[in-house]
Amino acid sequence: MRLGLFVSAALAAAALVSAPAAAQVAEGPSRTFTARDLFGLRTAGDPQVRPDGGAIAYVRTTYDIMTDAGRRSIWLVDPVTGAQSPLVAEDSSSMTPRWSPDGSRLAYVVAAPGGPPQLYVRWMASGRSARVATLEQAPNDIVWAPDGRTLAFTMLTLDEGRPLGAPLRRPEGAKWAEPLQVIDRITYRADGQGYLKPGYRHIFVVGADGGAPRQITFGKFDNGGPISFAADGRSVLFATNRAENWERDPQESELYRVSIADGTLTRLTNRVGPDFAPAVSPDGSKVAYIGYDDERRRGYENQRLYVMDRDGRNVRVLTGDLDRSVGDPQWSPDGRAIYVSYDDKGVTKVARVGLDGRMETVATGLGGASLDRPYSGGQFSVGRGGVVAFTQSTPEQPAEVAVVRGGKTQRLTRLNDDLFAGKSLARVEHLPTVSSHDRKPIDAWIALPPNFDPSKKYPLILEIHGGPFAAYGPSFSTDVQLYAQAGYVVVYSNPRGSTSYGEAFANEIDRNYPSHDYDDLMSVVDAAIAKGYVDPQRLYVTGGSGGGALTAWIVGKTDRFRAVATQKPVINWTSQVLTVDGYTFMAQYWFGKMPWEDPQGYWARSPLSLVGNVKTPTLVVVGAEDYRTPPSESEQYFQALQLRGVPTALVRVPGASHGGLTARPSQSAAKAQAILAWFERYR
């Protein structure tokens with residue numbers, strides 16, 4: 001075994017960095033976006049309109065260069081003037097602001113070092129805050145009762161289960177090894193959380209003025225949020241699956257109502273498929289929620305908006321004619337409509353849906369918390385008078401707070417104006433494409449380097465999204481900006497299988513992935529070359545997760561690229577399905593058969609089956625704590641490439657999960673620099 005086989009992202013970047021890049025660091029302030037600028041970024045999230053529409057609380061995330069971590073604080077912004085003030089900005093991170101029904105108080109969560117996050121309430125008139133309970137675990141899904149006297153939330157209750165054998169008696173003062181860890185739960189680990197604490201998520205209530213939290217749901221089941229109070233405040237609505245084999249059926253859930261007084265449960269929905277996110281109308285007569293009929297045969301289904309009477313009767317779908325998924329239902333204050341978010345061709349929007357199903361888009365251009373890559377997403381909330389606050393993003397701007405009032409959109413925050421002052425960012429343009437396979441239209445975007453000159457020839461990076469049921473869009477991306485400032489044209493797209501183009505388009509890859517999404521991606525590259533400023537001899541590819549799988553698939557199919565970087569990829573579907581955290585879902589919905597029932601089918605879709613064709617220098621990148629596409633996937637590919645003599649290197653990002661591969665600015669910067677240095681080596 002060779003020593004130094006596994007290198008951290010930071011060490012890899014230092015080892016691979018080219019001389020020109022190193023020289024640039026020493027030249028002083030840059031007029032382009034640099035890796036060090038990741039520490040200066042600020043983003044807005046979770047905007048919450050005060051019920052009267054007169055103020056907006058939001059979570060501001062900043063990054064500390066000394067601790068290499070993000071810190072969240074709650075700020076208040078005036079929806080008319082844009083004037084801001086810090087509301088909760090202590091040394092600890094604060095998040096999840098939730099207004100009381102009368103707007104006089106704000107509940108929120110504080111995460112302090114050395115203990116679980118705690119629930120606080122702030123009295124706005126006095127400016128004073130108090131912890132309302134001492135909690136053993138982190139609270140989630142916080143909601144106020146209509147009368148403002150009670151708060152409900154979900155929280156993990158620990159359950160160690162039955163021991164396996166009697167423990168030995170340890171002599172006093174003896175230093176023994178840690179006791180055995182016995183795992184018998186079906187779901188026992190999750191990406192970003194690692195090995196889960198044994199227990200079940202239940203609903204609790206506590207007085208808004210403080211007190212002892214009281215558990216109101218019980219049993220060996222998880223009860224999921226979001227949750228919603230009934231209009232009389234006597235019960236809480238939530239989603240759960242209480243079937244005997246509930247852990248083996250990850251897509252199934254029903255809506256229930258639980259009495260706060262005695263814990264009596266009433267089931268409100270009953271069908272095959274998930275029903276979740278209940279929202280009670282202002283007068284209490286109706287319940288809006290999200291769900292779909294699960295035929296258990298397709299990889300993707302649109303989530304639809306439903307409404308029913310409060311007793312579960314008269315169910316009807318309101319977005320049945322919309323070939324898009326919707327989410328986050330919120331009632332208008334007058335109870336005449338429900339607001340939802342949805343993605344359309346890579347762009348996240350907010351729509352107002354009447355009880356007759358009529359739909360009006362009221363906000364567009366939402367942006368989420370993802371910084372490294374341009375995924376669609378975003379958050380919103382609604383106040384009186386039709387005020388809608390949302391997180392807005394563009395290719396040149398991370399998520400900010402914006403507001404829609406009277407049909408007009410106003411951006412309220414400018415958190416990165418100082419950072420971007422004097423800098424030239426990459427310009428992003430729409431690049432419509434037609435697939436060579438069947439002439440289907442494929443959306444793509446192309447990012448041009450600062451000081452772009454169309455008379456020159458530029459190297460090109462194809463960036464591929466994961467999911468695979470997800471979508472890119474015209475949103476800010478640190479990776480795209482860093483690649484472009486290094487002198488590359490960057491192209492990214494939504495090949496078949498992407499969401500926000502309808503069920504049929506997404507299910508083009510159902511039981512057939514990878515397949516003709518490869519043709520779509522090659523067509524996008526050809527469309528970029530046809531612009532005239534891309535050098536066809538200097539083409540590169542990178543992508544993460546499903547995009548990493550497609551990157552490895554591409555180099556098994558063609559030699560047209562000079563070098564590639566596959567990030568957190570799926571390489572062998574048999575080992576992937578049997579080691580992923582969501583193994584109960586992936587085998588059932590993406591394959592329909594278990595690996596031992598159809599080994600050839602799994603192998604035929606595995607990039608590892610094509611490794612004998614690979615000649616392209618290939619960098620492999622993965623988080624050391626990735627439980628979604630475990631490091632064993634990347635290591636299989638790296639070792640297979642080594643056995644074949646293909647130029648390769650393996651970059652492991654210490655402590656990083658699948659979703660948190662770029663959560664820490666230093667690692668995000670080092671990962672991007674390592675990829676650029678790898679490409680430069682073969683440029």
# chains A, B, ... in the order shown; residues from 1 in each chain; ligands from 1
call {"tool": "residues_around", "arguments": {"residues": "region 613-620 of chain A", "least_positions_apart": "5", "cutoff": "7 Å", "atoms": "only C-alpha atoms", "output": "PyMOL selection string"}}
result
chain A and resi 555-556+559+561-567+634+638+646-651
call {"tool": "residues_around", "arguments": {"residues": "region 44-61 of chain A", "least_positions_apart": "4", "cutoff": "6 Å", "atoms": "only C-alpha atoms", "output": "ChimeraX atom specification"}}
result
/A:71-79,103,379,381,383-384,399-400
call {"tool": "closest_residue", "arguments": {"among": "A:Asp417, A:Glu625, A:Asp344, A:Asp581", "to": "Tyr472 (chain A)", "atoms": "only C-alpha atoms"}}
result
A:Asp344
call {"tool": "residues_around", "arguments": {"residues": "Gly367 (chain A)", "least_positions_apart": "3", "cutoff": "8 Å", "atoms": "only C-alpha atoms", "output": "list of chain:residue names"}}
result
A:Thr348, A:Ser376, A:Gly377, A:Gly378, A:Gln379, A:Thr391, A:Gln392, A:Ser393, A:Thr394, A:Pro398, A:Ala399, A:Ser475
call {"tool": "select_by_dssp", "arguments": {"residues": "region 415-659 of chain A", "states": "alpha helix (DSSP H)", "output": "compact mmCIF listing (two decimals) with N, CA and C atoms, in the first residue's frame"}}
result
# COMPACT_ATOMS: atom_id res chain seq x y z
N ASP A 417 -23.19 43.71 -1.58
CA ASP A 417 -22.78 44.83 -2.42
C ASP A 417 -21.34 45.26 -2.14
N ASP A 418 -20.95 45.29 -0.87
CA ASP A 418 -19.57 45.68 -0.54
C ASP A 418 -18.57 44.67 -1.06
N LEU A 419 -18.88 43.39 -0.93
CA LEU A 419 -17.96 42.34 -1.38
C LEU A 419 -17.76 42.40 -2.89
N PHE A 420 -18.85 42.64 -3.62
CA PHE A 420 -18.79 42.60 -5.08
C PHE A 420 -18.41 43.94 -5.71
N THR A 478 -20.97 29.65 -6.56
CA THR A 478 -19.56 29.95 -6.34
C THR A 478 -18.66 29.12 -7.25
N ASP A 479 -19.02 27.85 -7.49
CA ASP A 479 -18.21 27.03 -8.39
C ASP A 479 -18.18 27.62 -9.79
N VAL A 480 -19.34 27.99 -10.30
CA VAL A 480 -19.40 28.58 -11.65
C VAL A 480 -18.56 29.84 -11.70
N GLN A 481 -18.66 30.69 -10.69
CA GLN A 481 -17.88 31.94 -10.68
C GLN A 481 -16.38 31.67 -10.62
N LEU A 482 -15.98 30.71 -9.78
CA LEU A 482 -14.55 30.41 -9.66
C LEU A 482 -14.00 29.78 -10.94
N TYR A 483 -14.76 28.90 -11.57
CA TYR A 483 -14.32 28.31 -12.83
C TYR A 483 -14.19 29.39 -13.91
N ALA A 484 -15.16 30.30 -13.95
CA ALA A 484 -15.15 31.35 -14.98
C ALA A 484 -14.00 32.33 -14.76
N GLN A 485 -13.74 32.71 -13.51
CA GLN A 485 -12.65 33.65 -13.28
C GLN A 485 -11.29 33.04 -13.58
N GLU A 503 -43.80 15.68 -15.39
CA GLU A 503 -43.57 14.30 -15.00
C GLU A 503 -42.95 13.47 -16.13
N ALA A 504 -43.44 13.66 -17.36
CA ALA A 504 -42.95 12.84 -18.47
C ALA A 504 -41.48 13.08 -18.72
N PHE A 505 -41.04 14.33 -18.67
CA PHE A 505 -39.64 14.66 -18.91
C PHE A 505 -38.76 14.06 -17.81
N ALA A 506 -39.20 14.18 -16.55
CA ALA A 506 -38.42 13.62 -15.44
C ALA A 506 -38.32 12.11 -15.56
N ASP A 517 -29.80 10.94 -21.29
CA ASP A 517 -29.33 12.19 -20.69
C ASP A 517 -27.88 12.45 -21.13
N TYR A 518 -27.15 11.38 -21.41
CA TYR A 518 -25.80 11.53 -22.00
C TYR A 518 -25.87 12.28 -23.33
N ASP A 519 -26.81 11.92 -24.19
CA ASP A 519 -26.95 12.60 -25.48
C ASP A 519 -27.32 14.07 -25.29
N ASP A 520 -28.18 14.34 -24.31
CA ASP A 520 -28.56 15.72 -24.03
C ASP A 520 -27.34 16.55 -23.64
N LEU A 521 -26.50 15.99 -22.77
CA LEU A 521 -25.32 16.72 -22.30
C LEU A 521 -24.33 16.95 -23.44
N MET A 522 -24.14 15.97 -24.29
CA MET A 522 -23.24 16.17 -25.42
C MET A 522 -23.80 17.23 -26.38
N SER A 523 -25.11 17.28 -26.51
CA SER A 523 -25.73 18.30 -27.36
C SER A 523 -25.52 19.69 -26.77
N VAL A 524 -25.55 19.79 -25.45
CA VAL A 524 -25.29 21.08 -24.79
C VAL A 524 -23.85 21.53 -25.07
N VAL A 525 -22.91 20.61 -24.98
CA VAL A 525 -21.52 20.94 -25.29
C VAL A 525 -21.40 21.40 -26.74
N ASP A 526 -22.05 20.68 -27.65
CA ASP A 526 -22.01 21.06 -29.07
C ASP A 526 -22.61 22.44 -29.30
N ALA A 527 -23.70 22.75 -28.57
CA ALA A 527 -24.32 24.07 -28.71
C ALA A 527 -23.38 25.17 -28.22
N ALA A 528 -22.64 24.88 -27.15
CA ALA A 528 -21.67 25.87 -26.66
C ALA A 528 -20.54 26.07 -27.67
N ILE A 529 -20.05 24.98 -28.25
CA ILE A 529 -18.98 25.09 -29.26
C ILE A 529 -19.46 25.87 -30.46
N GLY A 546 -25.49 12.57 -8.64
CA GLY A 546 -25.92 12.07 -9.93
C GLY A 546 -25.09 12.66 -11.06
N GLY A 547 -24.64 13.90 -10.88
CA GLY A 547 -23.75 14.51 -11.87
C GLY A 547 -22.38 13.87 -11.87
N GLY A 548 -21.96 13.36 -10.71
CA GLY A 548 -20.71 12.60 -10.66
C GLY A 548 -20.84 11.28 -11.36
N ALA A 549 -22.00 10.62 -11.21
CA ALA A 549 -22.24 9.37 -11.93
C ALA A 549 -22.23 9.60 -13.43
N LEU A 550 -22.86 10.69 -13.88
CA LEU A 550 -22.87 11.00 -15.31
C LEU A 550 -21.48 11.37 -15.82
N THR A 551 -20.68 12.04 -14.98
CA THR A 551 -19.31 12.35 -15.38
C THR A 551 -18.53 11.06 -15.64
N ALA A 552 -18.65 10.09 -14.72
CA ALA A 552 -17.97 8.81 -14.91
C ALA A 552 -18.54 8.05 -16.10
N TRP A 553 -19.82 8.17 -16.34
CA TRP A 553 -20.45 7.53 -17.50
C TRP A 553 -19.92 8.13 -18.81
N ILE A 554 -19.76 9.45 -18.81
CA ILE A 554 -19.30 10.16 -20.02
C ILE A 554 -17.92 9.68 -20.44
N VAL A 555 -16.98 9.57 -19.50
CA VAL A 555 -15.62 9.18 -19.88
C VAL A 555 -15.55 7.70 -20.25
N GLY A 556 -16.59 6.93 -19.90
CA GLY A 556 -16.67 5.56 -20.38
C GLY A 556 -17.26 5.46 -21.78
N LYS A 557 -17.81 6.59 -22.26
CA LYS A 557 -18.46 6.62 -23.57
C LYS A 557 -17.68 7.38 -24.63
N TRP A 573 -23.98 0.41 -8.86
CA TRP A 573 -25.31 0.53 -8.29
C TRP A 573 -25.62 -0.55 -7.26
N THR A 574 -25.03 -1.71 -7.37
CA THR A 574 -25.28 -2.75 -6.36
C THR A 574 -24.74 -2.32 -5.01
N SER A 575 -23.48 -1.90 -4.96
CA SER A 575 -22.91 -1.46 -3.68
C SER A 575 -23.55 -0.16 -3.22
N GLN A 576 -23.93 0.72 -4.15
CA GLN A 576 -24.58 1.97 -3.78
C GLN A 576 -25.90 1.72 -3.06
N VAL A 577 -26.76 0.90 -3.65
CA VAL A 577 -28.07 0.63 -3.07
C VAL A 577 -27.95 -0.03 -1.70
N TYR A 583 -31.61 3.40 1.59
CA TYR A 583 -31.64 2.16 0.82
C TYR A 583 -33.04 1.60 0.63
N THR A 584 -33.96 1.88 1.54
CA THR A 584 -35.32 1.37 1.37
C THR A 584 -36.03 2.05 0.22
N PHE A 585 -35.63 3.26 -0.12
CA PHE A 585 -36.26 3.98 -1.23
C PHE A 585 -35.61 3.65 -2.56
N MET A 586 -34.30 3.69 -2.62
CA MET A 586 -33.59 3.67 -3.90
C MET A 586 -33.84 2.39 -4.68
N PRO A 599 -29.03 -8.62 -11.13
CA PRO A 599 -27.64 -8.14 -11.08
C PRO A 599 -27.18 -7.54 -12.41
N GLN A 600 -27.62 -8.08 -13.53
CA GLN A 600 -27.19 -7.55 -14.81
C GLN A 600 -27.79 -6.17 -15.06
N GLY A 601 -29.05 -5.97 -14.62
CA GLY A 601 -29.67 -4.66 -14.78
C GLY A 601 -28.94 -3.59 -13.98
N TYR A 602 -28.53 -3.93 -12.77
CA TYR A 602 -27.77 -2.98 -11.95
C TYR A 602 -26.41 -2.70 -12.60
N TRP A 603 -25.77 -3.74 -13.08
CA TRP A 603 -24.43 -3.58 -13.66
C TRP A 603 -24.47 -2.75 -14.94
N ALA A 604 -25.50 -2.95 -15.74
CA ALA A 604 -25.59 -2.25 -17.02
C ALA A 604 -25.73 -0.74 -16.83
N PRO A 631 -18.03 6.93 0.55
CA PRO A 631 -16.67 6.96 0.00
C PRO A 631 -16.26 5.67 -0.70
N SER A 632 -16.86 4.55 -0.32
CA SER A 632 -16.52 3.29 -0.98
C SER A 632 -16.82 3.33 -2.48
N GLU A 633 -17.81 4.12 -2.89
CA GLU A 633 -18.09 4.27 -4.32
C GLU A 633 -16.92 4.95 -5.02
N SER A 634 -16.46 6.04 -4.46
CA SER A 634 -15.34 6.77 -5.06
C SER A 634 -14.06 5.94 -5.03
N GLU A 635 -13.86 5.21 -3.94
CA GLU A 635 -12.64 4.41 -3.82
C GLU A 635 -12.63 3.26 -4.82
N GLN A 636 -13.79 2.66 -5.08
CA GLN A 636 -13.85 1.63 -6.12
C GLN A 636 -13.37 2.19 -7.46
N TYR A 637 -13.85 3.37 -7.78
CA TYR A 637 -13.52 3.94 -9.09
C TYR A 637 -12.05 4.34 -9.15
N PHE A 638 -11.57 4.97 -8.10
CA PHE A 638 -10.17 5.36 -8.04
C PHE A 638 -9.25 4.15 -8.21
N GLN A 639 -9.57 3.08 -7.49
CA GLN A 639 -8.71 1.90 -7.56
C GLN A 639 -8.82 1.20 -8.91
N ALA A 640 -10.01 1.19 -9.49
CA ALA A 640 -10.16 0.61 -10.82
C ALA A 640 -9.35 1.40 -11.84
N LEU A 641 -9.36 2.72 -11.74
CA LEU A 641 -8.57 3.55 -12.65
C LEU A 641 -7.08 3.33 -12.44
N GLN A 642 -6.69 3.16 -11.18
CA GLN A 642 -5.28 2.88 -10.90
C GLN A 642 -4.86 1.55 -11.51
N LEU A 643 -5.71 0.55 -11.38
CA LEU A 643 -5.39 -0.76 -11.95
C LEU A 643 -5.24 -0.68 -13.47
N ARG A 644 -5.96 0.21 -14.09
CA ARG A 644 -5.90 0.36 -15.54
C ARG A 644 -4.78 1.31 -15.98
call {"tool": "select_by_dssp", "arguments": {"residues": "region 421-496 of chain A", "states": "strand (DSSP E)", "output": "VMD selection string"}}
result
chain A and resid 427 to 430 433 to 434 441 to 448 458 to 464 489 to 494
call {"tool": "write_last_selection", "arguments": {"atoms": "N, CA and C atoms", "output": "PDB file, in the first residue's frame"}}
result
ATOM      1  N   ARG A 427     -20.768  36.567 -16.506  1.00  0.00           N
ATOM      2  CA  ARG A 427     -22.089  36.847 -17.052  1.00  0.00           C
ATOM      3  C   ARG A 427     -22.717  35.537 -17.509  1.00  0.00           C
ATOM      4  N   VAL A 428     -23.964  35.287 -17.079  1.00  0.00           N
ATOM      5  CA  VAL A 428     -24.651  34.034 -17.401  1.00  0.00           C
ATOM      6  C   VAL A 428     -25.760  34.311 -18.403  1.00  0.00           C
ATOM      7  N   GLU A 429     -25.776  33.528 -19.481  1.00  0.00           N
ATOM      8  CA  GLU A 429     -26.789  33.677 -20.529  1.00  0.00           C
ATOM      9  C   GLU A 429     -27.520  32.357 -20.731  1.00  0.00           C
ATOM     10  N   HIS A 430     -28.775  32.458 -21.148  1.00  0.00           N
ATOM     11  CA  HIS A 430     -29.558  31.265 -21.469  1.00  0.00           C
ATOM     12  C   HIS A 430     -29.046  30.666 -22.777  1.00  0.00           C
ATOM     13  N   THR A 433     -31.075  24.514 -26.197  1.00  0.00           N
ATOM     14  CA  THR A 433     -30.415  23.423 -26.899  1.00  0.00           C
ATOM     15  C   THR A 433     -31.466  22.406 -27.349  1.00  0.00           C
ATOM     16  N   VAL A 434     -31.144  21.661 -28.400  1.00  0.00           N
ATOM     17  CA  VAL A 434     -32.000  20.574 -28.869  1.00  0.00           C
ATOM     18  C   VAL A 434     -31.198  19.285 -28.791  1.00  0.00           C
ATOM     19  N   PRO A 441     -36.288  19.783 -26.633  1.00  0.00           N
ATOM     20  CA  PRO A 441     -35.605  20.988 -26.156  1.00  0.00           C
ATOM     21  C   PRO A 441     -34.968  20.755 -24.797  1.00  0.00           C
ATOM     22  N   ILE A 442     -33.748  21.216 -24.632  1.00  0.00           N
ATOM     23  CA  ILE A 442     -32.996  21.075 -23.380  1.00  0.00           C
ATOM     24  C   ILE A 442     -32.548  22.463 -22.944  1.00  0.00           C
ATOM     25  N   ASP A 443     -32.931  22.854 -21.723  1.00  0.00           N
ATOM     26  CA  ASP A 443     -32.506  24.151 -21.199  1.00  0.00           C
ATOM     27  C   ASP A 443     -31.055  24.096 -20.746  1.00  0.00           C
ATOM     28  N   ALA A 444     -30.312  25.149 -21.044  1.00  0.00           N
ATOM     29  CA  ALA A 444     -28.924  25.250 -20.583  1.00  0.00           C
ATOM     30  C   ALA A 444     -28.599  26.717 -20.354  1.00  0.00           C
ATOM     31  N   TRP A 445     -27.551  26.943 -19.576  1.00  0.00           N
ATOM     32  CA  TRP A 445     -27.046  28.283 -19.310  1.00  0.00           C
ATOM     33  C   TRP A 445     -25.536  28.261 -19.516  1.00  0.00           C
ATOM     34  N   ILE A 446     -25.004  29.368 -19.995  1.00  0.00           N
ATOM     35  CA  ILE A 446     -23.570  29.451 -20.265  1.00  0.00           C
ATOM     36  C   ILE A 446     -23.010  30.669 -19.542  1.00  0.00           C
ATOM     37  N   ALA A 447     -21.931  30.467 -18.790  1.00  0.00           N
ATOM     38  CA  ALA A 447     -21.284  31.531 -18.026  1.00  0.00           C
ATOM     39  C   ALA A 447     -19.998  31.938 -18.731  1.00  0.00           C
ATOM     40  N   LEU A 448     -19.847  33.229 -18.926  1.00  0.00           N
ATOM     41  CA  LEU A 448     -18.705  33.768 -19.660  1.00  0.00           C
ATOM     42  C   LEU A 448     -17.713  34.405 -18.700  1.00  0.00           C
ATOM     43  N   TYR A 458     -11.885  29.821 -25.817  1.00  0.00           N
ATOM     44  CA  TYR A 458     -11.794  29.530 -24.398  1.00  0.00           C
ATOM     45  C   TYR A 458     -11.969  28.031 -24.139  1.00  0.00           C
ATOM     46  N   PRO A 459     -11.317  27.506 -23.102  1.00  0.00           N
ATOM     47  CA  PRO A 459     -11.626  26.139 -22.665  1.00  0.00           C
ATOM     48  C   PRO A 459     -13.017  26.115 -22.037  1.00  0.00           C
ATOM     49  N   LEU A 460     -13.644  24.954 -22.028  1.00  0.00           N
ATOM     50  CA  LEU A 460     -15.018  24.846 -21.533  1.00  0.00           C
ATOM     51  C   LEU A 460     -15.129  23.786 -20.452  1.00  0.00           C
ATOM     52  N   ILE A 461     -15.892  24.093 -19.403  1.00  0.00           N
ATOM     53  CA  ILE A 461     -16.244  23.127 -18.357  1.00  0.00           C
ATOM     54  C   ILE A 461     -17.732  22.851 -18.441  1.00  0.00           C
ATOM     55  N   LEU A 462     -18.093  21.593 -18.583  1.00  0.00           N
ATOM     56  CA  LEU A 462     -19.479  21.148 -18.472  1.00  0.00           C
ATOM     57  C   LEU A 462     -19.727  20.765 -17.021  1.00  0.00           C
ATOM     58  N   GLU A 463     -20.664  21.460 -16.356  1.00  0.00           N
ATOM     59  CA  GLU A 463     -21.024  21.202 -14.954  1.00  0.00           C
ATOM     60  C   GLU A 463     -22.391  20.517 -14.927  1.00  0.00           C
ATOM     61  N   ILE A 464     -22.490  19.349 -14.248  1.00  0.00           N
ATOM     62  CA  ILE A 464     -23.691  18.511 -14.305  1.00  0.00           C
ATOM     63  C   ILE A 464     -24.329  18.418 -12.919  1.00  0.00           C
ATOM     64  N   VAL A 489     -15.082  29.057 -19.991  1.00  0.00           N
ATOM     65  CA  VAL A 489     -16.515  29.151 -20.233  1.00  0.00           C
ATOM     66  C   VAL A 489     -17.147  27.959 -19.518  1.00  0.00           C
ATOM     67  N   VAL A 490     -18.233  28.201 -18.799  1.00  0.00           N
ATOM     68  CA  VAL A 490     -18.897  27.141 -18.042  1.00  0.00           C
ATOM     69  C   VAL A 490     -20.309  26.981 -18.582  1.00  0.00           C
ATOM     70  N   VAL A 491     -20.700  25.750 -18.860  1.00  0.00           N
ATOM     71  CA  VAL A 491     -22.054  25.485 -19.323  1.00  0.00           C
ATOM     72  C   VAL A 491     -22.707  24.471 -18.387  1.00  0.00           C
ATOM     73  N   TYR A 492     -23.950  24.729 -18.016  1.00  0.00           N
ATOM     74  CA  TYR A 492     -24.705  23.785 -17.189  1.00  0.00           C
ATOM     75  C   TYR A 492     -26.128  23.703 -17.730  1.00  0.00           C
ATOM     76  N   SER A 493     -26.809  22.590 -17.449  1.00  0.00           N
ATOM     77  CA  SER A 493     -28.072  22.350 -18.134  1.00  0.00           C
ATOM     78  C   SER A 493     -28.994  21.475 -17.302  1.00  0.00           C
ATOM     79  N   ASN A 494     -30.200  21.292 -17.825  1.00  0.00           N
ATOM     80  CA  ASN A 494     -31.184  20.389 -17.235  1.00  0.00           C
ATOM     81  C   ASN A 494     -31.530  19.301 -18.248  1.00  0.00           C
TER      82      ASN A 494
END
call {"tool": "closest_residue", "arguments": {"among": "A:Thr269, A:Thr43, A:Gln537, A:Gln251", "to": "Phe238 (chain A)", "atoms": "only C-alpha atoms"}}
result
A:Thr269
call {"tool": "atom_distance", "arguments": {"atom1": "CA of Gly40 (chain A)", "atom2": "CA of Gln193 (chain A)"}}
result
26.7 Å
call {"tool": "residues_around", "arguments": {"residues": "region 305-317 of chain A", "least_positions_apart": "2", "cutoff": "7 Å", "atoms": "only C-alpha atoms", "output": "MDAnalysis selection string"}}
result
chainID A and resid 268:269 284:291 319:320 326
call {"tool": "write_last_selection", "arguments": {"atoms": "N, CA and C atoms", "output": "compact mmCIF listing (two decimals), in the first residue's frame"}}
result
# COMPACT_ATOMS: atom_id res chain seq x y z
N LEU A 268 -57.03 11.50 9.15
CA LEU A 268 -57.75 12.37 8.24
C LEU A 268 -57.63 11.95 6.78
N THR A 269 -56.56 11.28 6.38
CA THR A 269 -56.38 10.85 4.99
C THR A 269 -56.14 9.35 4.97
N GLY A 284 -60.52 27.75 10.14
CA GLY A 284 -60.49 26.39 10.67
C GLY A 284 -61.35 25.39 9.93
N SER A 285 -62.02 25.80 8.87
CA SER A 285 -62.96 24.90 8.21
C SER A 285 -62.30 23.96 7.22
N LYS A 286 -61.09 24.29 6.75
CA LYS A 286 -60.44 23.50 5.71
C LYS A 286 -58.97 23.25 6.06
N VAL A 287 -58.42 22.24 5.39
CA VAL A 287 -57.00 21.90 5.55
C VAL A 287 -56.40 21.76 4.16
N ALA A 288 -55.35 22.52 3.90
CA ALA A 288 -54.57 22.36 2.68
C ALA A 288 -53.39 21.46 2.99
N TYR A 289 -52.94 20.69 2.00
CA TYR A 289 -51.79 19.83 2.22
C TYR A 289 -51.21 19.41 0.88
N ILE A 290 -50.05 18.75 0.94
CA ILE A 290 -49.32 18.30 -0.24
C ILE A 290 -49.35 16.78 -0.28
N GLY A 291 -49.42 16.21 -1.49
CA GLY A 291 -49.37 14.76 -1.61
C GLY A 291 -49.46 14.30 -3.05
N THR A 319 -54.21 21.55 -7.96
CA THR A 319 -53.18 21.77 -8.99
C THR A 319 -53.07 20.56 -9.91
N GLY A 320 -54.17 19.88 -10.14
CA GLY A 320 -54.14 18.70 -11.00
C GLY A 320 -53.76 19.00 -12.44
N VAL A 326 -45.48 21.16 -6.44
CA VAL A 326 -45.68 22.33 -5.59
C VAL A 326 -45.32 21.96 -4.15
call {"tool": "closest_residue", "arguments": {"among": "A:Val541, A:Gly645, A:Val388, A:Gly659", "to": "Val622 (chain A)", "atoms": "only C-alpha atoms"}}
result
A:Gly659
call {"tool": "residues_around", "arguments": {"residues": "Ser455 (chain A)", "least_positions_apart": "5", "cutoff": "12 Å", "atoms": "only C-alpha atoms", "output": "list in words"}}
result
Lys531, Gly532, Tyr533, Val534 and Asp535 of chain A
call {"tool": "closest_residue", "arguments": {"among": "A:Gly422, A:Ile675, A:Tyr627, A:Gly115", "to": "Ser30 (chain A)", "atoms": "only C-alpha atoms"}}
result
A:Gly422
call {"tool": "atom_distance", "arguments": {"atom1": "CA of Ser325 (chain A)", "atom2": "CA of Tyr501 (chain A)"}}
result
9.6 Å
call {"tool": "residues_around", "arguments": {"residues": "Leu265 (chain A)", "least_positions_apart": "4", "cutoff": "10 Å", "atoms": "only C-alpha atoms", "output": "JSON, numbers by chain"}}
result
{"A": [216, 217, 235, 236, 237, 256, 257, 258, 259, 260]}
call {"tool": "write_last_selection", "arguments": {"atoms": "N, CA and C atoms", "output": "CSV table (one decimal), in the first residue's frame"}}
result
chain,number,residue,atom,x,y,z
A,216,ILE,N,-47.3,14.9,23.4
A,216,ILE,CA,-48.7,14.6,23.1
A,216,ILE,C,-48.8,13.4,22.1
A,217,THR,N,-47.7,13.0,21.4
A,217,THR,CA,-47.8,11.8,20.6
A,217,THR,C,-46.8,10.8,21.2
A,235,SER,N,-56.0,21.0,19.1
A,235,SER,CA,-55.4,19.9,18.5
A,235,SER,C,-54.3,20.3,17.5
A,236,VAL,N,-53.5,19.4,17.1
A,236,VAL,CA,-52.4,19.7,16.2
A,236,VAL,C,-52.5,18.7,15.0
A,237,LEU,N,-52.3,19.2,13.8
A,237,LEU,CA,-52.3,18.3,12.6
A,237,LEU,C,-50.8,18.0,12.2
A,256,TYR,N,-52.8,13.2,10.4
A,256,TYR,CA,-53.6,12.9,11.6
A,256,TYR,C,-53.8,14.2,12.4
A,257,ARG,N,-54.8,14.1,13.3
A,257,ARG,CA,-55.0,15.2,14.3
A,257,ARG,C,-54.9,14.6,15.6
A,258,VAL,N,-54.1,15.3,16.5
A,258,VAL,CA,-53.9,14.8,17.9
A,258,VAL,C,-54.4,15.8,18.8
A,259,SER,N,-55.2,15.3,19.8
A,259,SER,CA,-55.8,16.2,20.8
A,259,SER,C,-54.7,16.6,21.8
A,260,ILE,N,-54.6,17.9,22.1
A,260,ILE,CA,-53.6,18.3,23.1
A,260,ILE,C,-54.0,17.9,24.5
